[in-house]
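Engineer: I have a structure I would like to understand better, so I am pasting it below and will then ask my questions one at a time.
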Amino acid sequence: MKEYKLKINGNDYNVAIDAVEDNTAKVSVNGVDYAVEFDKPISKPKQVVVKKAVAAAPAAASAAPAARVATASAAAGETVVNSPLPGVILAVNANVGDAVKKGQTVMLLEAMKMENSIEATCDGTIKKILAQKGDSVLEGADLFIIG
């Protein structure tokens, strides 16, 4: 659930977005529930899965240009969750070893004066936390690994 405090024409509103499916969102405005329909289905940002790289032979490495390597090393079957935008980590809601479900909020990221929930992209166990409360992160930065 994402929560926002909005001021529209001088009036304060507390808005909570509970769930979004296709083109419908369940929204609560100052405690009153609404079903909001969008013109087009909302697509969630794709999460990048990084797999452990296999070292290439030295001859092949010198022939090809250097590739950008992800900062976190994830074994096969592990998922690295990245920051969708630059910001500051406000809270870390899980610890290494905690079981998480897909969609569960693991971190809160403040970006452009708004709180953004960083959710688990799959069911699993937190293997590694790569960003801590108070850390400034860039877009695409590795935040945690689920295994």
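Each chain of the structure tokens is named A, B, ... in the order shown, its residues numbered from 1; ligands are numbered from 1 in display order.
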Tell me which protein, DNA and RNA residues are within 8 Å of Ile89 in chain A, counting only C-alpha atoms, leaving out same-chain ones fewer than 2 positions away, and put them as a short mmCIF file (atom, residue, chain, number, x, y, z; two decimals) with N, CA and C atoms, in the first residue's frame.
Structural biologist:
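Final output, saved to around_20.cif:
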data_model
loop_
_atom_site.label_atom_id
_atom_site.label_comp_id
_atom_site.auth_asym_id
_atom_site.auth_seq_id
_atom_site.Cartn_x
_atom_site.Cartn_y
_atom_site.Cartn_z
N GLY A 87 16.92 8.31 -4.67
CA GLY A 87 16.29 8.80 -3.45
C GLY A 87 17.06 8.38 -2.22
N ALA A 91 13.30 3.51 5.42
CA ALA A 91 13.11 2.39 6.34
C ALA A 91 13.45 1.09 5.63
N VAL A 92 13.97 0.15 6.42
CA VAL A 92 14.20 -1.21 5.96
C VAL A 92 13.31 -2.09 6.84
N MET A 107 11.31 -2.13 1.73
CA MET A 107 11.96 -0.85 2.01
C MET A 107 11.03 0.29 1.64
N LEU A 108 11.27 1.45 2.27
CA LEU A 108 10.61 2.69 1.87
C LEU A 108 11.68 3.63 1.33
N LEU A 109 11.41 4.19 0.17
CA LEU A 109 12.35 5.08 -0.50
C LEU A 109 11.68 6.43 -0.68
N GLU A 110 12.35 7.49 -0.21
CA GLU A 110 11.84 8.84 -0.43
C GLU A 110 12.50 9.38 -1.69
N ALA A 131 21.31 -1.90 0.96
CA ALA A 131 21.14 -0.47 1.29
C ALA A 131 20.53 -0.38 2.68
N GLN A 132 20.96 0.58 3.45
CA GLN A 132 20.50 0.75 4.83
C GLN A 132 19.74 2.06 4.96
N LYS A 133 19.02 2.20 6.07
CA LYS A 133 18.27 3.43 6.36
C LYS A 133 19.23 4.63 6.30
N GLY A 134 18.81 5.67 5.58
CA GLY A 134 19.62 6.88 5.46
C GLY A 134 20.52 6.90 4.24
N ASP A 135 20.68 5.76 3.56
CA ASP A 135 21.53 5.70 2.38
C ASP A 135 20.88 6.45 1.21
N SER A 136 21.69 7.20 0.46
CA SER A 136 21.24 7.80 -0.80
C SER A 136 21.55 6.80 -1.89
N VAL A 137 20.55 6.51 -2.73
CA VAL A 137 20.75 5.53 -3.79
C VAL A 137 20.39 6.16 -5.13
#
Engineer: Would you mind listing what lies within 9 Å of Ala99 in chain A as a list in words, with only C-alpha atoms counted and same-chain residues fewer than 4 positions away left out?
Structural biologist: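 Counting only the stated atoms, we get Ala94, Asp123, Gly124, Thr125 and Ile126 of chain A.
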Engineer: Hey, which of A:Gly103, A:Glu139, A:Glu37, A:Asp98 ends up closest to Pro86 in chain A? Count only C-alpha atoms.
Structural biologist: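 Among the listed residues, A:Glu139 lies closest to Pro86 in chain A.
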Engineer: Select, from A:Leu130, A:Leu90, A:Val81, A:Ile118, the residue with the minimum atom-to-atom distance to Ile146 in chain A, counting only C-alpha atoms.
Structural biologist: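 Answer, going by the shortest atom-to-atom distance: A:Val81.
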Engineer: Considering only C-alpha atoms, state which residue in the set A:Ala35, A:Leu138, A:Leu6, A:Val80 is at the smallest distance from Asp18 in chain A.
Structural biologist: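 With only C-alpha atoms as the atom set, the closest residue is A:Ala35.
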Engineer: Name all residues at most 6 Å from Val15 in chain A (count only C-alpha atoms; drop same-chain ones fewer than 3 positions away) and give them as a ChimeraX atom specification.
Structural biologist: /A:3-4,28-29
Engineer: List as a PyMOL selection string the protein and nucleic acid residues near Glu119 in chain A, meaning an atom at most 6 Å away when only C-alpha atoms are counted, but skip any in the same chain fewer than 5 places from it.
Structural biologist: chain A and resi 103-106
Engineer: Write to file, as a PDB file, in the first residue's frame, the residues of the selection just made, with C-alpha atoms.
Structural biologist:
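Written out: result24.pdb:
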ATOM      1  CA  GLY A 103       4.368  -7.593  -3.186  1.00  0.00           C
ATOM      2  CA  GLN A 104       5.451  -7.276   0.470  1.00  0.00           C
ATOM      3  CA  THR A 105       7.057  -3.911   1.261  1.00  0.00           C
ATOM      4  CA  VAL A 106      10.717  -4.463   2.143  1.00  0.00           C
TER       5      VAL A 106
END
Engineer: In Å to one decimal, how far is CA of Ala19 in chain A from CA of Ala141 in chain A?
Structural biologist: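 According to the coordinates, CA of Ala141 in chain A and CA of Ala19 in chain A are separated by 25.5 Å.
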